[in-house]
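J.: So that you have it, the file is query_0.tsv, and it contains TSV, C-alpha atoms:
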```tsv
chain	number	residue	atom	x	y	z
A	1	MET	CA	0.00	0.00	0.00
A	2	ASN	CA	2.97	2.32	0.41
A	3	GLU	CA	3.32	2.12	-3.36
A	4	PHE	CA	-0.28	3.29	-3.77
A	5	ILE	CA	0.38	6.27	-1.50
A	6	HIS	CA	3.28	7.22	-3.75
A	7	VAL	CA	1.08	6.90	-6.84
A	8	ALA	CA	-1.75	8.82	-5.15
A	9	GLN	CA	0.42	11.81	-4.36
A	10	ASN	CA	1.90	11.97	-7.85
A	11	VAL	CA	-1.47	11.51	-9.56
A	12	VAL	CA	-3.20	14.18	-7.51
A	13	LYS	CA	-0.40	16.61	-8.33
A	14	ALA	CA	-0.54	15.82	-12.06
A	15	VAL	CA	-4.33	15.69	-12.46
A	16	SER	CA	-4.94	18.87	-10.45
A	17	LYS	CA	-3.10	20.85	-13.11
A	18	ILE	CA	-5.59	19.92	-15.84
A	19	LEU	CA	-8.87	18.99	-14.07
A	20	PRO	CA	-11.20	21.84	-13.05
A	21	PHE	CA	-12.37	19.87	-9.98
A	22	HIS	CA	-10.81	18.79	-6.70
A	23	ILE	CA	-9.96	15.09	-6.39
A	24	SER	CA	-9.05	12.68	-3.60
A	25	LEU	CA	-7.69	9.16	-3.39
A	26	SER	CA	-8.50	6.78	-0.53
A	27	ASP	CA	-6.74	3.55	0.38
A	28	GLU	CA	-8.37	0.16	0.88
A	29	GLU	CA	-9.21	1.12	4.48
A	30	GLY	CA	-11.10	4.22	3.35
A	31	TYR	CA	-8.53	6.77	4.52
A	32	ILE	CA	-7.69	9.65	2.19
A	33	ILE	CA	-4.02	9.38	1.15
A	34	GLY	CA	-3.98	12.03	-1.55
A	35	SER	CA	-6.08	15.12	-2.11
A	36	SER	CA	-5.98	18.47	-3.87
A	37	ILE	CA	-7.44	19.77	-0.57
A	38	PRO	CA	-4.49	18.96	1.74
A	39	GLU	CA	-6.41	19.23	5.02
A	40	ARG	CA	-8.49	16.16	4.05
A	41	ILE	CA	-5.45	13.85	3.88
A	42	GLY	CA	-5.35	11.25	6.65
A	43	LYS	CA	-9.08	11.45	7.42
A	44	LEU	CA	-11.52	8.59	7.07
A	45	HIS	CA	-13.78	8.84	4.03
A	46	ALA	CA	-16.80	6.70	4.89
A	47	PRO	CA	-18.27	6.50	1.34
A	48	SER	CA	-15.01	4.94	0.14
A	49	LYS	CA	-15.77	1.93	2.33
A	50	GLU	CA	-19.10	1.53	0.58
A	51	VAL	CA	-17.48	1.81	-2.84
A	52	LEU	CA	-14.91	-0.81	-1.87
A	53	GLU	CA	-17.58	-3.20	-0.61
A	54	LYS	CA	-19.76	-2.84	-3.72
A	55	ASP	CA	-16.82	-2.52	-6.15
A	56	SER	CA	-18.75	-0.02	-8.23
A	57	TYR	CA	-18.83	3.73	-8.53
A	58	LEU	CA	-21.32	5.78	-6.51
A	59	ILE	CA	-22.80	9.25	-6.95
A	60	PHE	CA	-23.12	11.60	-3.99
A	61	ASN	CA	-25.36	14.66	-4.40
A	62	GLU	CA	-25.92	17.54	-1.98
A	63	GLU	CA	-28.86	15.81	-0.31
A	64	LYS	CA	-26.94	12.56	0.26
A	65	VAL	CA	-23.85	14.11	1.83
A	66	LYS	CA	-25.37	16.82	4.03
A	67	ASN	CA	-25.20	14.66	7.16
A	68	LEU	CA	-21.97	12.81	6.34
A	69	PRO	CA	-18.69	14.06	7.88
A	70	ASN	CA	-15.75	14.74	5.56
A	71	VAL	CA	-17.89	13.96	2.49
A	72	LEU	CA	-18.44	16.33	-0.43
A	73	PRO	CA	-20.75	16.03	-3.45
A	74	GLY	CA	-19.29	14.20	-6.42
A	75	VAL	CA	-18.47	10.73	-7.72
A	76	ALA	CA	-16.47	7.91	-6.07
A	77	VAL	CA	-14.92	5.25	-8.32
A	78	PRO	CA	-13.08	2.03	-7.34
A	79	ILE	CA	-9.43	1.70	-8.39
A	80	ASN	CA	-8.57	-1.81	-9.52
A	81	PHE	CA	-5.21	-3.48	-9.95
A	82	ASP	CA	-4.39	-7.09	-10.69
A	83	SER	CA	-8.01	-8.21	-10.20
A	84	SER	CA	-8.27	-6.49	-6.80
A	85	THR	CA	-9.80	-3.21	-5.63
A	86	VAL	CA	-7.01	-1.25	-4.00
A	87	GLY	CA	-8.47	2.21	-3.49
A	88	VAL	CA	-11.08	4.80	-4.37
A	89	LEU	CA	-10.99	7.90	-6.55
A	90	GLY	CA	-13.20	10.79	-5.54
A	91	ILE	CA	-13.96	13.70	-7.87
A	92	ILE	CA	-15.60	16.60	-6.06
A	93	GLY	CA	-18.25	18.72	-7.73
A	94	PRO	CA	-21.77	18.57	-9.15
A	95	PRO	CA	-22.26	14.89	-10.05
A	96	GLU	CA	-23.58	15.63	-13.53
A	97	GLN	CA	-20.42	17.63	-14.29
A	98	VAL	CA	-17.78	15.36	-12.73
A	99	GLU	CA	-19.19	11.98	-13.76
A	100	PRO	CA	-17.81	12.14	-17.34
A	101	TYR	CA	-14.29	12.39	-15.89
A	102	ALA	CA	-14.64	9.47	-13.48
A	103	GLN	CA	-13.76	6.53	-15.71
A	104	LEU	CA	-11.05	8.44	-17.55
A	105	ILE	CA	-9.21	9.50	-14.40
A	106	SER	CA	-9.60	6.08	-12.73
A	107	LYS	CA	-8.10	4.36	-15.79
A	108	TYR	CA	-5.25	6.86	-15.75
A	109	ILE	CA	-4.51	6.03	-12.10
A	110	GLU	CA	-4.60	2.29	-12.80
A	111	MET	CA	-2.24	2.80	-15.73
A	112	ARG	CA	0.17	4.82	-13.60
A	113	TRP	CA	0.22	2.15	-10.94
A	114	GLN	CA	0.87	-0.54	-13.53
A	115	GLU	CA	3.77	1.51	-14.87
A	116	MET	CA	5.18	1.88	-11.38
A	117	VAL	CA	4.91	-1.86	-10.68
A	118	ASP	CA	6.56	-2.63	-14.03
A	119	GLU	CA	9.39	-0.23	-13.21
A	120	GLN	CA	9.88	-1.86	-9.82
A	121	LEU	CA	9.95	-5.33	-11.37
A	122	GLU	CA	12.45	-4.17	-13.97
A	123	GLU	CA	14.63	-2.60	-11.30
A	124	LEU	CA	14.47	-5.82	-9.24
A	125	ASN	CA	15.41	-7.86	-12.30
A	126	ASN	CA	18.32	-5.53	-13.07
A	127	LYS	CA	19.59	-5.75	-9.50
A	128	THR	CA	19.30	-9.54	-9.58
A	129	LEU	CA	21.17	-9.67	-12.89
A	130	GLU	CA	23.89	-7.39	-11.52
A	131	THR	CA	24.26	-9.54	-8.40
A	132	PHE	CA	24.42	-12.69	-10.52
A	133	ALA	CA	27.10	-11.21	-12.79
A	134	GLN	CA	29.17	-10.18	-9.77
A	135	TYR	CA	28.83	-13.69	-8.33
A	136	ILE	CA	29.95	-15.61	-11.43
A	137	LEU	CA	32.60	-13.16	-12.63
A	138	LEU	CA	34.27	-12.02	-9.42
A	139	ASN	CA	34.46	-15.41	-7.68
A	140	ASN	CA	36.95	-18.06	-8.77
A	141	LYS	CA	34.67	-20.78	-7.40
A	142	THR	CA	30.88	-20.80	-7.64
A	143	ASP	CA	28.20	-23.10	-6.33
A	144	HIS	CA	26.64	-24.98	-9.23
A	145	LEU	CA	23.21	-25.21	-7.59
A	146	ARG	CA	23.16	-21.49	-6.83
A	147	VAL	CA	24.11	-20.65	-10.41
A	148	GLU	CA	21.31	-22.86	-11.71
A	149	GLN	CA	18.83	-21.14	-9.40
A	150	TYR	CA	19.90	-17.74	-10.71
A	151	CYS	CA	19.63	-18.93	-14.32
A	152	LYS	CA	16.15	-20.30	-13.74
A	153	MET	CA	15.04	-17.07	-12.05
A	154	LEU	CA	16.44	-14.95	-14.90
A	155	ASN	CA	15.37	-17.38	-17.65
A	156	ILE	CA	18.97	-17.80	-18.84
A	157	SER	CA	20.58	-20.98	-20.16
A	158	SER	CA	23.60	-22.02	-18.11
A	159	ALA	CA	24.97	-24.42	-20.75
A	160	THR	CA	25.22	-21.93	-23.63
A	161	LYS	CA	28.68	-21.09	-24.98
A	162	ARG	CA	29.57	-17.45	-24.31
A	163	PHE	CA	32.40	-14.98	-24.21
A	164	CYS	CA	32.74	-11.93	-22.00
A	165	ILE	CA	32.94	-8.37	-23.31
A	166	VAL	CA	34.02	-5.75	-20.75
A	167	VAL	CA	33.25	-2.07	-21.34
A	168	ASP	CA	35.21	0.15	-18.96
A	169	ILE	CA	33.76	3.68	-18.79
A	170	GLY	CA	35.85	4.98	-15.88
A	171	ASP	CA	34.14	7.67	-13.81
A	172	SER	CA	31.54	8.64	-16.41
A	173	LEU	CA	28.60	7.60	-14.22
A	174	ILE	CA	29.88	9.65	-11.29
A	175	ASN	CA	30.28	12.69	-13.54
A	176	THR	CA	26.75	12.18	-14.82
A	177	VAL	CA	25.37	12.12	-11.28
A	178	GLN	CA	27.12	15.42	-10.65
A	179	ASN	CA	25.40	16.76	-13.75
A	180	LYS	CA	22.04	15.69	-12.26
A	181	THR	CA	21.32	12.99	-14.85
A	182	PRO	CA	19.42	10.02	-13.29
A	183	ILE	CA	22.04	7.29	-12.94
A	184	GLU	CA	19.66	4.32	-13.32
A	185	GLN	CA	18.24	5.83	-16.48
A	186	LEU	CA	21.73	6.28	-17.92
A	187	LYS	CA	22.75	2.74	-16.98
A	188	LYS	CA	19.68	1.36	-18.73
A	189	ARG	CA	20.43	3.33	-21.89
A	190	LEU	CA	24.10	2.38	-21.96
A	191	ALA	CA	23.26	-1.30	-21.48
A	192	GLY	CA	20.72	-1.01	-24.30
A	193	CYS	CA	23.36	0.56	-26.56
A	194	THR	CA	25.79	-2.25	-25.74
A	195	GLN	CA	23.29	-4.97	-26.63
A	196	LYS	CA	22.42	-3.18	-29.84
A	197	ALA	CA	26.04	-2.60	-30.88
A	198	PHE	CA	26.96	-6.27	-30.42
A	199	ASN	CA	23.69	-7.63	-31.88
A	200	SER	CA	22.76	-9.37	-28.64
A	201	ASN	CA	19.11	-9.89	-27.76
A	202	GLN	CA	18.10	-13.39	-26.73
A	203	ASN	CA	19.69	-15.28	-23.82
A	204	VAL	CA	22.15	-12.43	-23.30
A	205	ILE	CA	23.48	-11.16	-19.97
A	206	CYS	CA	24.19	-7.44	-20.08
A	207	THR	CA	24.59	-5.46	-16.86
A	208	PHE	CA	26.78	-3.08	-14.94
A	209	LEU	CA	29.24	-4.88	-12.70
A	210	ASN	CA	29.97	-1.67	-10.81
A	211	THR	CA	29.91	2.05	-11.59
A	212	GLU	CA	32.92	1.73	-13.89
A	213	LYS	CA	32.38	-1.52	-15.76
A	214	LEU	CA	29.61	-2.89	-17.91
A	215	VAL	CA	29.76	-6.54	-18.97
A	216	LEU	CA	28.07	-8.40	-21.79
A	217	LEU	CA	28.15	-12.21	-21.78
A	218	LYS	CA	27.48	-12.82	-25.44
A	219	PRO	CA	26.07	-16.23	-26.42
A	220	VAL	CA	27.56	-18.04	-29.42
A	221	GLN	CA	26.59	-21.31	-31.06
A	222	SER	CA	30.04	-22.65	-31.89
A	223	GLU	CA	33.72	-21.82	-32.27
A	224	ASP	CA	33.03	-20.66	-35.83
A	225	ASP	CA	30.28	-18.40	-34.52
A	226	TYR	CA	32.70	-17.02	-31.92
A	227	MET	CA	35.35	-16.32	-34.56
A	228	ALA	CA	32.74	-14.59	-36.71
A	229	ALA	CA	31.79	-12.43	-33.72
A	230	LEU	CA	35.44	-11.46	-33.19
A	231	GLU	CA	35.73	-10.50	-36.86
A	232	GLN	CA	33.06	-7.86	-36.21
A	233	PHE	CA	34.24	-6.95	-32.71
A	234	GLU	CA	36.38	-3.93	-33.56
A	235	THR	CA	33.77	-2.40	-35.89
A	236	GLN	CA	30.96	-3.00	-33.39
A	237	SER	CA	33.08	-1.54	-30.57
A	238	GLN	CA	33.65	1.62	-32.58
A	239	HIS	CA	29.90	1.84	-33.16
A	240	LEU	CA	29.34	1.48	-29.41
A	241	THR	CA	31.92	4.21	-28.73
A	242	ASP	CA	30.05	6.55	-31.06
A	243	MET	CA	26.73	5.80	-29.34
A	244	PHE	CA	28.20	6.37	-25.88
A	245	LYS	CA	29.42	9.82	-26.91
A	246	THR	CA	25.76	10.81	-27.18
A	247	TYR	CA	25.58	10.42	-23.41
A	248	GLN	CA	28.89	12.25	-22.76
A	249	VAL	CA	30.70	8.97	-22.11
A	250	ASN	CA	33.85	9.68	-24.08
A	251	HIS	CA	36.72	7.66	-22.65
A	252	ILE	CA	36.08	3.93	-22.77
A	253	PHE	CA	38.11	0.74	-23.07
A	254	ILE	CA	36.53	-2.38	-24.59
A	255	ALA	CA	37.92	-5.92	-24.53
A	256	ALA	CA	36.73	-9.44	-25.28
A	257	GLY	CA	37.79	-12.62	-23.52
A	258	ASN	CA	37.88	-16.10	-24.99
A	259	MET	CA	34.85	-18.34	-25.47
A	260	ARG	CA	33.85	-20.71	-22.68
A	261	ASP	CA	31.43	-23.64	-22.75
A	262	THR	CA	29.33	-22.83	-19.68
A	263	ILE	CA	28.33	-19.84	-17.61
A	264	ASN	CA	30.32	-21.21	-14.65
A	265	GLN	CA	33.50	-20.61	-16.68
A	266	MET	CA	32.77	-16.97	-17.46
A	267	ASN	CA	35.11	-15.88	-14.66
A	268	GLU	CA	38.05	-16.91	-16.89
A	269	SER	CA	36.76	-15.02	-19.94
A	270	TYR	CA	36.07	-11.94	-17.80
A	271	HIS	CA	39.61	-11.88	-16.36
A	272	GLU	CA	41.08	-12.28	-19.84
A	273	ALA	CA	39.18	-9.20	-20.99
A	274	GLU	CA	40.17	-7.32	-17.83
A	275	SER	CA	43.84	-8.19	-18.38
A	276	LEU	CA	43.67	-6.92	-21.95
A	277	ILE	CA	42.23	-3.59	-20.79
A	278	LYS	CA	44.87	-3.28	-18.07
A	279	PHE	CA	47.64	-4.01	-20.57
A	280	GLY	CA	46.20	-1.68	-23.20
A	281	ARG	CA	45.85	1.15	-20.69
A	282	GLN	CA	49.40	0.69	-19.34
A	283	HIS	CA	50.96	0.66	-22.79
A	284	ASN	CA	48.72	3.28	-24.43
A	285	ILE	CA	47.57	0.93	-27.18
A	286	SER	CA	45.16	2.63	-29.55
A	287	PRO	CA	42.39	2.17	-30.56
A	288	GLN	CA	41.21	1.18	-27.09
A	289	VAL	CA	39.54	-2.01	-28.32
A	290	TYR	CA	41.31	-5.25	-27.47
A	291	SER	CA	40.94	-8.94	-28.20
A	292	LEU	CA	43.31	-11.85	-28.72
A	293	HIS	CA	41.97	-11.98	-32.26
A	294	ASN	CA	43.86	-8.75	-33.04
A	295	TRP	CA	47.42	-9.37	-34.25
A	296	ASP	CA	48.57	-5.89	-33.25
A	297	VAL	CA	47.48	-6.55	-29.67
A	298	LEU	CA	49.18	-9.96	-29.69
A	299	LYS	CA	52.39	-8.39	-31.03
A	300	GLU	CA	52.42	-5.85	-28.20
A	301	MET	CA	51.73	-8.53	-25.59
A	302	LEU	CA	54.25	-11.11	-26.81
A	303	PRO	CA	57.38	-9.58	-25.22
A	304	TYR	CA	55.67	-9.77	-21.83
A	305	GLN	CA	54.94	-13.47	-22.18
A	306	ILE	CA	58.61	-14.41	-21.87
A	307	ASN	CA	59.12	-15.90	-18.43
A	308	ASN	CA	61.75	-14.38	-16.18
A	309	HIS	CA	63.97	-17.48	-16.13
A	310	PHE	CA	64.34	-17.51	-19.92
A	311	ARG	CA	64.73	-13.75	-20.05
A	312	GLU	CA	67.57	-13.88	-17.52
A	313	LYS	CA	69.44	-16.31	-19.78
A	314	ILE	CA	69.12	-13.97	-22.74
A	315	MET	CA	70.07	-10.94	-20.65
A	316	PHE	CA	73.25	-12.72	-19.55
A	317	ARG	CA	74.06	-13.34	-23.20
A	318	ILE	CA	73.59	-9.70	-24.26
A	319	HIS	CA	74.45	-7.75	-21.10
A	320	SER	CA	77.36	-6.07	-22.92
A	321	LEU	CA	74.85	-4.29	-25.14
A	322	PHE	CA	73.12	-2.81	-22.10
A	323	ASP	CA	76.48	-1.65	-20.75
A	324	ASP	CA	77.37	0.23	-23.91
A	325	ASP	CA	77.26	4.04	-23.64
A	326	ASP	CA	75.18	4.23	-26.82
A	327	PHE	CA	72.66	1.60	-25.72
A	328	PRO	CA	69.47	3.79	-25.83
A	329	GLU	CA	70.25	4.85	-29.38
A	330	LEU	CA	71.27	1.37	-30.49
A	331	MET	CA	68.12	-0.14	-28.98
A	332	ARG	CA	65.82	2.35	-30.68
A	333	ASN	CA	67.52	1.87	-34.05
A	334	PHE	CA	67.28	-1.91	-33.80
A	335	LEU	CA	63.58	-1.85	-32.82
A	336	VAL	CA	62.73	0.46	-35.74
A	337	TYR	CA	64.74	-1.82	-38.05
A	338	CYS	CA	62.67	-4.84	-36.95
A	339	ASP	CA	59.38	-2.91	-37.08
A	340	ASN	CA	60.15	-2.07	-40.72
A	341	GLN	CA	60.59	-5.71	-41.69
A	342	MET	CA	64.40	-5.39	-41.51
A	343	ASN	CA	64.43	-2.88	-44.36
A	344	ILE	CA	67.48	-0.62	-43.98
A	345	SER	CA	66.29	2.17	-46.27
A	346	GLN	CA	62.81	2.45	-44.76
A	347	SER	CA	64.18	2.29	-41.21
A	348	ALA	CA	66.78	4.99	-41.88
A	349	LYS	CA	64.09	7.22	-43.36
A	350	GLU	CA	61.91	6.82	-40.24
A	351	LEU	CA	64.91	7.54	-37.98
A	352	TYR	CA	65.99	10.57	-40.06
A	353	ILE	CA	69.52	9.22	-40.43
A	354	HIS	CA	71.61	8.06	-43.38
A	355	ARG	CA	71.35	4.37	-44.20
A	356	ASN	CA	75.12	3.99	-43.74
A	357	THR	CA	74.78	5.35	-40.21
A	358	LEU	CA	72.05	2.84	-39.42
A	359	ASN	CA	74.07	0.05	-41.01
A	360	TYR	CA	77.06	0.98	-38.85
A	361	ARG	CA	74.96	0.88	-35.67
A	362	LEU	CA	73.41	-2.45	-36.58
A	363	LYS	CA	76.86	-3.88	-37.23
A	364	LYS	CA	77.90	-2.65	-33.81
A	365	ILE	CA	74.95	-4.51	-32.23
A	366	GLU	CA	76.00	-7.59	-34.19
A	367	ARG	CA	79.57	-7.29	-32.94
A	368	ILE	CA	78.55	-6.85	-29.30
A	369	THR	CA	75.84	-9.55	-29.15
A	370	SER	CA	76.87	-11.97	-31.93
A	371	VAL	CA	73.27	-11.76	-33.22
A	372	ASN	CA	73.10	-12.11	-36.99
A	373	ILE	CA	71.34	-8.88	-37.98
A	374	LYS	CA	70.12	-10.45	-41.23
A	375	ASP	CA	68.69	-13.55	-39.53
A	376	PHE	CA	65.00	-13.01	-38.71
A	377	GLU	CA	64.79	-15.74	-36.07
A	378	GLN	CA	67.81	-14.45	-34.14
A	379	CYS	CA	66.60	-10.86	-34.44
A	380	ILE	CA	63.17	-11.69	-33.07
A	381	ILE	CA	64.70	-13.00	-29.82
A	382	LEU	CA	66.61	-9.78	-29.27
A	383	TYR	CA	63.61	-7.76	-30.41
A	384	LEU	CA	61.30	-9.31	-27.82
A	385	VAL	CA	63.71	-8.67	-24.97
A	386	LEU	CA	64.45	-5.09	-26.03
A	387	LYS	CA	60.78	-4.38	-26.71
A	388	LYS	CA	59.84	-5.24	-23.15
A	389	TYR	CA	62.79	-3.26	-21.81
A	390	ASP	CA	61.85	-0.28	-23.97
A	391	LYS	CA	58.21	-0.34	-22.81
A	392	SER	CA	59.17	-0.76	-19.15
A	393	PHE	CA	61.71	2.05	-19.45
A	394	SER	CA	59.12	4.35	-21.08
A	395	LEU	CA	56.56	3.64	-18.33
A	396	ASN	CA	59.10	4.54	-15.66
```
In structure tokens, what does this structure look like?
T.:
Amino acid sequence: MNEFIHVAQNVVKAVSKILPFHISLSDEEGYIIGSSIPERIGKLHAPSKEVLEKDSYLIFNEEKVKNLPNVLPGVAVPINFDSSTVGVLGIIGPPEQVEPYAQLISKYIEMRWQEMVDEQLEELNNKTLETFAQYILLNNKTDHLRVEQYCKMLNISSATKRFCIVVDIGDSLINTVQNKTPIEQLKKRLAGCTQKAFNSNQNVICTFLNTEKLVLLKPVQSEDDYMAALEQFETQSQHLTDMFKTYQVNHIFIAAGNMRDTINQMNESYHEAESLIKFGRQHNISPQVYSLHNWDVLKEMLPYQINNHFREKIMFRIHSLFDDDDFPELMRNFLVYCDNQMNISQSAKELYIHRNTLNYRLKKIERITSVNIKDFEQCIILYLVLKKYDKSFSLN
């Protein structure tokens, strides 16, 4: 009934602006909970009890109300919701004048209440979905029975193959709150944009994980379907970025994890996407859309996949290069040389030096390390070690 009080107050306020008569709303006990005549609120309205008992509207003329306390001439109409009578609408005035408004206003109230209930159910569903996503993505171990209960409640298949897409929007929601934009309304719109951008409608899980991250667990039919989705991922992510700008959400990172067979394994896909975003942010990789399907992302990540034990062996082999006074210059020249497919002319042009100068420096690297500068496989080992060193040095 607290919900009806909320509706009553809002309806009275809205209707009073357009209706040339005073109105009141009584609860199922007959007490007035909303009125355009404030002093009547909280008082018992005896005719409302009669309307509730008969479940039909009644007309009260001057003669009928002259001996009734807190009763004015007009029409009283039952308010129904979900096959039950929950309150009474009273329109005050000459019955012949107010009666034409009775059914219209009562239907409007019933509609408003239905809208409010629908909004509450949607909010409850969203909160449940958010809690479920937090449970399966942020916990390394989940209870199978609990997951199944969630899936049944949300009408989601637990056995469907999926992969996790993480959309990191930073502090955009907080900034929006400061700009007095309703946060739940914005979250709903951003989630809708995400589903639309990635063509996800049925059996999809799309929710905010917290104020900074939105996740979409996209269902796929097979590995081929997953690969097809990744083919479109960068284009769809750019489309999502453009849509988000409409809501002043301008700085976002998007990443996709690998496909998993069940919803219980989504934690792994989520952390893969999170790791990609963390790596991309640390190393300023642009565009800010990452997946292991992207060769440029894999190329940037590869130097960091060398384990420390193996790296120490290589470092021992080439430590003389690091000790050289010209090491920063030699390193940069070698990395540019490799990035240009070991093309001397193109590399020298990018470095703004003469090709003979570059050739001299490469020969020096060859002399110090014994790496064959013309051998791709030997160069790639040195490249991976220097690439990681260069990135780490730049970050510091």
J.: Give the answer as one residue: which of A:Thr131, A:Ser237, A:Asn333, A:Asn340 has the shortest atom-to-atom distance to Ile353 of chain A, using all atoms listed in the file?
T.: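 Of the candidates, the smallest distance to Ile353 of chain A is held by A:Asn333.
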J.: Pick out the residues sitting within 10 Å of segment 356-358 of chain A, and hand them over as a list of chain:residue names; count only C-alpha atoms, and ignore anything fewer than 3 positions along from it in its own chain.
T.: A:Leu330, A:Asn333, A:Phe334, A:Tyr337, A:Ile344, A:Ser345, A:Ser347, A:Ala348, A:Lys349, A:Leu351, A:Tyr352, A:Ile353, A:Arg361, A:Leu362, A:Lys363, A:Lys364
J.: Quick one: everything within 7 Å of segment 197-214 of chain A, counting only C-alpha atoms, minus sequence neighbours fewer than 4 positions away in the same chain. Send it as an MDAnalysis selection string.
T.: chainID A and resid 129:130 133:134 156:157 166:171 173 191 193 218:219 236 239:240
J.: Could you jot down the atom CA of Lys107 of chain A to atom CA of Leu58 of chain A separation for me, Å, one decimal place?
T.: 16.2 Å
J.: With all atoms listed in the file counted, which protein, DNA or RNA residues have an atom no more than 8 Å from (43.7, -0.8, -23.8) in the file frame? Please answer as an MDAnalysis selection string.
T.: chainID A and resid 253:255 276:290
J.: Given the choices A:Lys187, A:Arg146, A:Lys387, A:Arg367, which gets closest to Leu321 of chain A if the distance is worked out from only C-alpha atoms?
T.: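 Checking each candidate against Leu321 of chain A, we get A:Arg367 as the closest.
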J.: Name the residues, using the chain letters and numbers of the file, that sit within 8 Å of (37.7, -12.6, -19.4) when counting only C-alpha atoms, and give them as a list in words.
T.: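 With a cut-off of 8 Å, the residues come to Phe163, Cys164, Ile165, Val166, Ala256, Gly257, Asn258, Met266, Asn267, Glu268, Ser269, Tyr270, His271, Glu272, Ala273, Glu274 and Ser275 of chain A.
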J.: Looking at A:Phe132, A:Tyr108, A:Phe21, A:Trp113, which one is nearest to Pro95 of chain A, with distances taken over all atoms listed in the file?
T.: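 With all atoms listed in the file as the atom set, the closest residue is A:Phe21.
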J.: So that I can check the surroundings of Glu110 of chain A, please list as a list in words every protein, DNA and RNA residue that reaches within 7 Å of it, counting all atoms listed in the file and ignoring chain neighbours fewer than 5 positions away.
T.: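 So, after excluding close chain neighbours, the residues are Ile79, Asn80 and Phe81 of chain A.
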J.: I need the residues from that last selection saved to file as a PDB file, in the coordinates of the input (with C-alpha atoms), if you can.
T.:
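What ended up in again_28.pdb:
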```
ATOM      1  CA  ILE A  79      -9.430   1.700  -8.390  1.00  0.00           C
ATOM      2  CA  ASN A  80      -8.570  -1.810  -9.520  1.00  0.00           C
ATOM      3  CA  PHE A  81      -5.210  -3.480  -9.950  1.00  0.00           C
TER       4      PHE A  81
END
```
J.: When you count only C-alpha atoms, which of these residues is closest to Thr241 of chain A: A:Gln103, A:Lys374, A:Val98, A:Thr194?
T.: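 Using only C-alpha atoms, Thr241 of chain A sits closest to A:Thr194.
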J.: Between A:Ile59, A:Val385, A:Leu145, A:Val220, single out the one closest to Asn264 of chain A, counting all atoms listed in the file.
T.: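 Looking only at the distances to Asn264 of chain A, the closest residue turns out to be A:Leu145.
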J.: Work out how far atom CA of Leu121 of chain A is from atom CA of Gly34 of chain A, in Å to one decimal.
T.: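 Atom CA of Leu121 of chain A lies 24.3 Å from atom CA of Gly34 of chain A.
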J.: Have a look at atom CA of Val11 of chain A and atom CA of Ile109 of chain A and let me know their distance in Å, one decimal.
T.: 6.8 Å
J.: From the list A:Ala46, A:Met153, A:Val88, A:Leu52, which residue is nearest Asn67 of chain A when using only C-alpha atoms?
T.: A:Ala46
